[in-house]
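Peer 1: Input structure_25.cif, format and content: mmCIF, N, CA and C atoms.
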```cif
data_upload
loop_
_atom_site.label_atom_id
_atom_site.label_comp_id
_atom_site.auth_asym_id
_atom_site.auth_seq_id
_atom_site.Cartn_x
_atom_site.Cartn_y
_atom_site.Cartn_z
N ASP A 1 109.16 91.91 105.60
CA ASP A 1 110.27 92.83 105.76
C ASP A 1 109.84 94.13 106.43
N VAL A 2 108.82 94.04 107.29
CA VAL A 2 108.29 95.21 107.98
C VAL A 2 108.47 95.02 109.48
N GLU A 3 108.92 96.08 110.16
CA GLU A 3 108.94 96.06 111.62
C GLU A 3 107.61 96.63 112.10
N LEU A 4 106.95 95.92 112.98
CA LEU A 4 105.63 96.31 113.44
C LEU A 4 105.66 96.49 114.95
N VAL A 5 105.18 97.63 115.42
CA VAL A 5 105.10 97.91 116.85
C VAL A 5 103.67 98.33 117.17
N ILE A 6 103.08 97.68 118.15
CA ILE A 6 101.74 98.06 118.63
C ILE A 6 101.92 98.59 120.04
N GLN A 7 101.39 99.80 120.27
CA GLN A 7 101.51 100.45 121.57
C GLN A 7 100.13 100.71 122.15
N SER A 8 100.04 100.62 123.48
CA SER A 8 98.80 100.95 124.16
C SER A 8 98.61 102.46 124.14
N ALA A 9 97.43 102.91 124.57
CA ALA A 9 97.14 104.35 124.61
C ALA A 9 98.12 105.08 125.52
N GLN A 10 98.70 104.37 126.49
CA GLN A 10 99.68 104.96 127.41
C GLN A 10 101.09 104.98 126.82
N GLY A 11 101.26 104.46 125.61
CA GLY A 11 102.55 104.47 124.94
C GLY A 11 103.42 103.27 125.24
N GLN A 12 102.90 102.29 125.97
CA GLN A 12 103.67 101.08 126.28
C GLN A 12 103.60 100.11 125.10
N SER A 13 104.73 99.49 124.80
CA SER A 13 104.77 98.51 123.72
C SER A 13 104.01 97.26 124.13
N VAL A 14 103.05 96.87 123.30
CA VAL A 14 102.24 95.67 123.54
C VAL A 14 102.78 94.50 122.73
N LEU A 15 103.25 94.80 121.51
CA LEU A 15 103.76 93.77 120.62
C LEU A 15 104.76 94.40 119.67
N THR A 16 105.89 93.71 119.47
CA THR A 16 106.88 94.13 118.49
C THR A 16 107.24 92.93 117.64
N LEU A 17 107.16 93.10 116.32
CA LEU A 17 107.52 92.04 115.38
C LEU A 17 108.53 92.59 114.38
N SER A 18 109.55 91.81 114.09
CA SER A 18 110.47 92.20 113.03
C SER A 18 110.25 91.25 111.86
N GLN A 19 110.42 91.74 110.67
CA GLN A 19 110.20 90.99 109.44
C GLN A 19 108.78 90.44 109.36
N ALA A 20 107.82 91.27 109.71
CA ALA A 20 106.41 90.88 109.67
C ALA A 20 105.85 91.10 108.27
N GLY A 21 104.76 90.42 107.99
CA GLY A 21 104.04 90.66 106.77
C GLY A 21 104.16 89.52 105.78
N PRO A 22 103.42 89.58 104.72
CA PRO A 22 102.60 90.72 104.31
C PRO A 22 101.29 90.85 105.09
N LEU A 23 100.84 89.81 105.76
CA LEU A 23 99.63 89.89 106.57
C LEU A 23 99.97 89.54 108.02
N VAL A 24 99.39 90.28 108.94
CA VAL A 24 99.58 90.00 110.36
C VAL A 24 98.21 90.06 111.02
N TYR A 25 97.88 89.02 111.76
CA TYR A 25 96.62 88.96 112.50
C TYR A 25 96.95 88.94 113.98
N VAL A 26 96.33 89.85 114.74
CA VAL A 26 96.61 89.97 116.16
C VAL A 26 95.30 90.10 116.92
N GLN A 27 95.19 89.38 118.02
CA GLN A 27 94.04 89.54 118.92
C GLN A 27 94.50 90.36 120.11
N LEU A 28 93.82 91.49 120.33
CA LEU A 28 94.19 92.39 121.42
C LEU A 28 92.98 92.62 122.32
N PRO A 29 93.22 92.88 123.60
CA PRO A 29 92.11 93.24 124.48
C PRO A 29 91.51 94.58 124.04
N ALA A 30 90.29 94.83 124.44
CA ALA A 30 89.63 96.10 124.10
C ALA A 30 90.49 97.26 124.58
N GLY A 31 90.53 98.31 123.77
CA GLY A 31 91.30 99.50 124.13
C GLY A 31 91.75 100.25 122.90
N LYS A 32 92.48 101.33 123.12
CA LYS A 32 93.00 102.15 122.03
C LYS A 32 94.48 101.82 121.83
N TYR A 33 94.87 101.74 120.56
CA TYR A 33 96.23 101.35 120.21
C TYR A 33 96.78 102.22 119.08
N THR A 34 98.10 102.39 119.10
CA THR A 34 98.82 103.00 117.99
C THR A 34 99.66 101.90 117.35
N VAL A 35 99.60 101.82 116.03
CA VAL A 35 100.36 100.83 115.28
C VAL A 35 101.36 101.57 114.40
N VAL A 36 102.62 101.19 114.53
CA VAL A 36 103.69 101.79 113.72
C VAL A 36 104.33 100.67 112.91
N ALA A 37 104.29 100.83 111.59
CA ALA A 37 104.90 99.86 110.67
C ALA A 37 106.03 100.57 109.93
N THR A 38 107.23 99.97 109.98
CA THR A 38 108.40 100.60 109.36
C THR A 38 109.00 99.65 108.34
N ARG A 39 109.22 100.18 107.14
CA ARG A 39 109.85 99.41 106.06
C ARG A 39 110.89 100.28 105.39
N ASN A 40 112.10 99.77 105.28
CA ASN A 40 113.20 100.51 104.64
C ASN A 40 113.34 101.91 105.22
N GLY A 41 113.17 102.04 106.55
CA GLY A 41 113.33 103.32 107.23
C GLY A 41 112.14 104.25 107.14
N GLU A 42 111.11 103.90 106.41
CA GLU A 42 109.92 104.75 106.27
C GLU A 42 108.81 104.22 107.17
N ALA A 43 108.43 105.04 108.16
CA ALA A 43 107.43 104.63 109.14
C ALA A 43 106.03 105.12 108.74
N LYS A 44 105.07 104.24 108.93
CA LYS A 44 103.65 104.57 108.75
C LYS A 44 102.99 104.34 110.10
N ARG A 45 102.06 105.21 110.48
CA ARG A 45 101.45 105.16 111.79
C ARG A 45 99.95 105.31 111.66
N ASP A 46 99.21 104.57 112.50
CA ASP A 46 97.75 104.68 112.53
C ASP A 46 97.30 104.33 113.94
N THR A 47 96.13 104.81 114.31
CA THR A 47 95.55 104.49 115.60
C THR A 47 94.23 103.78 115.38
N THR A 48 93.86 102.96 116.35
CA THR A 48 92.61 102.22 116.25
C THR A 48 92.07 101.96 117.65
N GLU A 49 90.79 101.75 117.73
CA GLU A 49 90.17 101.36 118.98
C GLU A 49 89.59 99.96 118.81
N VAL A 50 90.03 99.05 119.63
CA VAL A 50 89.58 97.67 119.56
C VAL A 50 88.45 97.48 120.56
N GLY A 51 87.37 96.92 120.10
CA GLY A 51 86.23 96.61 120.95
C GLY A 51 85.62 95.34 120.43
N ALA A 52 84.32 95.33 120.33
CA ALA A 52 83.65 94.17 119.72
C ALA A 52 83.74 94.33 118.21
N GLY A 53 84.25 93.32 117.54
CA GLY A 53 84.34 93.37 116.08
C GLY A 53 85.77 93.38 115.61
N VAL A 54 85.92 93.37 114.31
CA VAL A 54 87.23 93.26 113.66
C VAL A 54 87.66 94.65 113.20
N ARG A 55 88.94 94.95 113.37
CA ARG A 55 89.52 96.19 112.86
C ARG A 55 90.58 95.83 111.84
N ASN A 56 90.61 96.55 110.74
CA ASN A 56 91.61 96.34 109.70
C ASN A 56 92.42 97.61 109.52
N LEU A 57 93.73 97.49 109.56
CA LEU A 57 94.62 98.59 109.21
C LEU A 57 95.46 98.13 108.04
N VAL A 58 95.60 98.99 107.05
CA VAL A 58 96.36 98.64 105.85
C VAL A 58 97.46 99.70 105.67
N PHE A 59 98.68 99.24 105.52
CA PHE A 59 99.82 100.11 105.27
C PHE A 59 100.41 99.77 103.92
N ASN A 60 100.62 100.79 103.09
CA ASN A 60 101.24 100.62 101.77
C ASN A 60 102.43 101.56 101.64
N TRP A 61 103.46 101.11 100.96
CA TRP A 61 104.62 101.91 100.68
C TRP A 61 104.72 102.11 99.19
N LYS A 62 105.38 103.19 98.79
CA LYS A 62 105.56 103.50 97.38
C LYS A 62 106.14 102.28 96.67
N GLY A 63 105.55 101.92 95.53
CA GLY A 63 106.01 100.76 94.78
C GLY A 63 105.27 99.50 95.12
N ASP A 64 104.48 99.52 96.22
CA ASP A 64 103.66 98.34 96.57
C ASP A 64 102.34 98.42 95.82
N GLU A 65 101.96 97.36 95.22
CA GLU A 65 100.68 97.31 94.55
C GLU A 65 99.98 96.04 94.89
#
```
How does the structure come out when it is put into structure tokens?
Peer 2:
Amino acid sequence: DVELVIQSAQGQSVLTLSQAGPLVYVQLPAGKYTVVATRNGEAKRDTTEVGAGVRNLVFNWKGDE
């Protein structure tokens, strides 16, 4: 029940998913990305740089355990 948007460093949308989760695995080319996850109107945002290796981003909302 999460909308997920991944944007390139230039702000272009790379991937948009509606009703994603609870786990999402994505392979992206090397680069910098902003990830915005929205649930019930509350947006969480994080940035990451993808290179060699695995990156994990975790988003939690109030009431999630």
Peer 1: When you count only C-alpha atoms, which of these residues is closest to Asn60 in chain A: A:Ala30, A:Leu17, A:Ala43, A:Val24?
Peer 2: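 Going through A:Ala30, A:Leu17, A:Ala43, A:Val24 one by one, the smallest distance to Asn60 in chain A is for A:Ala43.
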Peer 1: Taking the file as shown, find all residues satisfying the PyMOL selection byres (((chain A and resi 54 and name CA) around 12) and name CA) and write them as a list in words.
Peer 2: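 In the shown coordinates, the PyMOL selection byres (((chain A and resi 54 and name CA) around 12) and name CA) covers Tyr25, Val26, Gln27, Leu28, Pro29, Ala30, Thr48, Glu49, Val50, Gly51, Ala52, Gly53, Arg55, Asn56 and Leu57 of chain A.
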Peer 1: Could you write those residues out with N, CA and C atoms, as a short mmCIF file (atom, residue, chain, number, x, y, z; two decimals), in the coordinates of the input?
Peer 2:
```cif
data_model
loop_
_atom_site.label_atom_id
_atom_site.label_comp_id
_atom_site.auth_asym_id
_atom_site.auth_seq_id
_atom_site.Cartn_x
_atom_site.Cartn_y
_atom_site.Cartn_z
N TYR A 25 97.88 89.02 111.76
CA TYR A 25 96.62 88.96 112.50
C TYR A 25 96.95 88.94 113.98
N VAL A 26 96.33 89.85 114.74
CA VAL A 26 96.61 89.97 116.16
C VAL A 26 95.30 90.10 116.92
N GLN A 27 95.19 89.38 118.02
CA GLN A 27 94.04 89.54 118.92
C GLN A 27 94.50 90.36 120.11
N LEU A 28 93.82 91.49 120.33
CA LEU A 28 94.19 92.39 121.42
C LEU A 28 92.98 92.62 122.32
N PRO A 29 93.22 92.88 123.60
CA PRO A 29 92.11 93.24 124.48
C PRO A 29 91.51 94.58 124.04
N ALA A 30 90.29 94.83 124.44
CA ALA A 30 89.63 96.10 124.10
C ALA A 30 90.49 97.26 124.58
N THR A 48 93.86 102.96 116.35
CA THR A 48 92.61 102.22 116.25
C THR A 48 92.07 101.96 117.65
N GLU A 49 90.79 101.75 117.73
CA GLU A 49 90.17 101.36 118.98
C GLU A 49 89.59 99.96 118.81
N VAL A 50 90.03 99.05 119.63
CA VAL A 50 89.58 97.67 119.56
C VAL A 50 88.45 97.48 120.56
N GLY A 51 87.37 96.92 120.10
CA GLY A 51 86.23 96.61 120.95
C GLY A 51 85.62 95.34 120.43
N ALA A 52 84.32 95.33 120.33
CA ALA A 52 83.65 94.17 119.72
C ALA A 52 83.74 94.33 118.21
N GLY A 53 84.25 93.32 117.54
CA GLY A 53 84.34 93.37 116.08
C GLY A 53 85.77 93.38 115.61
N ARG A 55 88.94 94.95 113.37
CA ARG A 55 89.52 96.19 112.86
C ARG A 55 90.58 95.83 111.84
N ASN A 56 90.61 96.55 110.74
CA ASN A 56 91.61 96.34 109.70
C ASN A 56 92.42 97.61 109.52
N LEU A 57 93.73 97.49 109.56
CA LEU A 57 94.62 98.59 109.21
C LEU A 57 95.46 98.13 108.04
#
```
Peer 1: Extract the full set of strand (DSSP E or B) residues from range 15-61 of chain A according to DSSP on the backbone, and format it as a list of chain:residue names.
Peer 2: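 Those residues are A:Leu15, A:Thr16, A:Leu17, A:Ser18, A:Gln19, A:Ala20, A:Gly31, A:Lys32, A:Tyr33, A:Thr34, A:Val35, A:Val36, A:Ala37, A:Thr38, A:Arg39, A:Glu42, A:Ala43, A:Lys44, A:Arg45, A:Asp46, A:Thr47, A:Thr48, A:Glu49, A:Val50.
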Peer 1: Any idea what's packed within 7 Å of Leu15 in chain A, counting all atoms listed in the file, ignoring anything in its chain fewer than 3 positions away? Could you give it as a PDB file with N, CA and C atoms, keeping the file's coordinate frame?
Peer 2:
```pdb
ATOM      1  N   LEU A   4     106.950  95.920 112.980  1.00  0.00           N
ATOM      2  CA  LEU A   4     105.630  96.310 113.440  1.00  0.00           C
ATOM      3  C   LEU A   4     105.660  96.490 114.950  1.00  0.00           C
ATOM      4  N   VAL A   5     105.180  97.630 115.420  1.00  0.00           N
ATOM      5  CA  VAL A   5     105.100  97.910 116.850  1.00  0.00           C
ATOM      6  C   VAL A   5     103.670  98.330 117.170  1.00  0.00           C
ATOM      7  N   ILE A   6     103.080  97.680 118.150  1.00  0.00           N
ATOM      8  CA  ILE A   6     101.740  98.060 118.630  1.00  0.00           C
ATOM      9  C   ILE A   6     101.920  98.590 120.040  1.00  0.00           C
ATOM     10  N   GLN A   7     101.390  99.800 120.270  1.00  0.00           N
ATOM     11  CA  GLN A   7     101.510 100.450 121.570  1.00  0.00           C
ATOM     12  C   GLN A   7     100.130 100.710 122.150  1.00  0.00           C
ATOM     13  N   SER A   8     100.040 100.620 123.480  1.00  0.00           N
ATOM     14  CA  SER A   8      98.800 100.950 124.160  1.00  0.00           C
ATOM     15  C   SER A   8      98.610 102.460 124.140  1.00  0.00           C
ATOM     16  N   GLN A  12     102.900 102.290 125.970  1.00  0.00           N
ATOM     17  CA  GLN A  12     103.670 101.080 126.280  1.00  0.00           C
ATOM     18  C   GLN A  12     103.600 100.110 125.100  1.00  0.00           C
TER      19      GLN A  12
END
```
Peer 1: Tell me which protein, DNA and RNA residues are within 6 Å of Asp1 in chain A, counting all atoms listed in the file, leaving out same-chain ones fewer than 2 positions away, and put them as a ChimeraX atom specification.
Peer 2: /A:3,19-21,38-39
Peer 1: So for range 21-37 of chain A, what box centre and size do we get, axis-aligned, 6 Å extra on each of the six sides, every listed atom, Å to one decimal, as AutoDock Vina command-line options?
Peer 2:
```
--center_x 97.8 --center_y 96.0 --center_z 114.4 --size_x 28.4 --size_y 26.1 --size_z 32.3
```
Peer 1: By how many Å are CA of Thr16 in chain A and CA of Lys62 in chain A apart?
Peer 2: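 Atom-to-atom, CA of Thr16 in chain A to CA of Lys62 in chain A, that is 23.1 Å.
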Peer 1: Rounded to one decimal place, report the atom C of Tyr33 in chain A-atom N of Asp46 in chain A distance in Å.
Peer 2: 7.4 Å
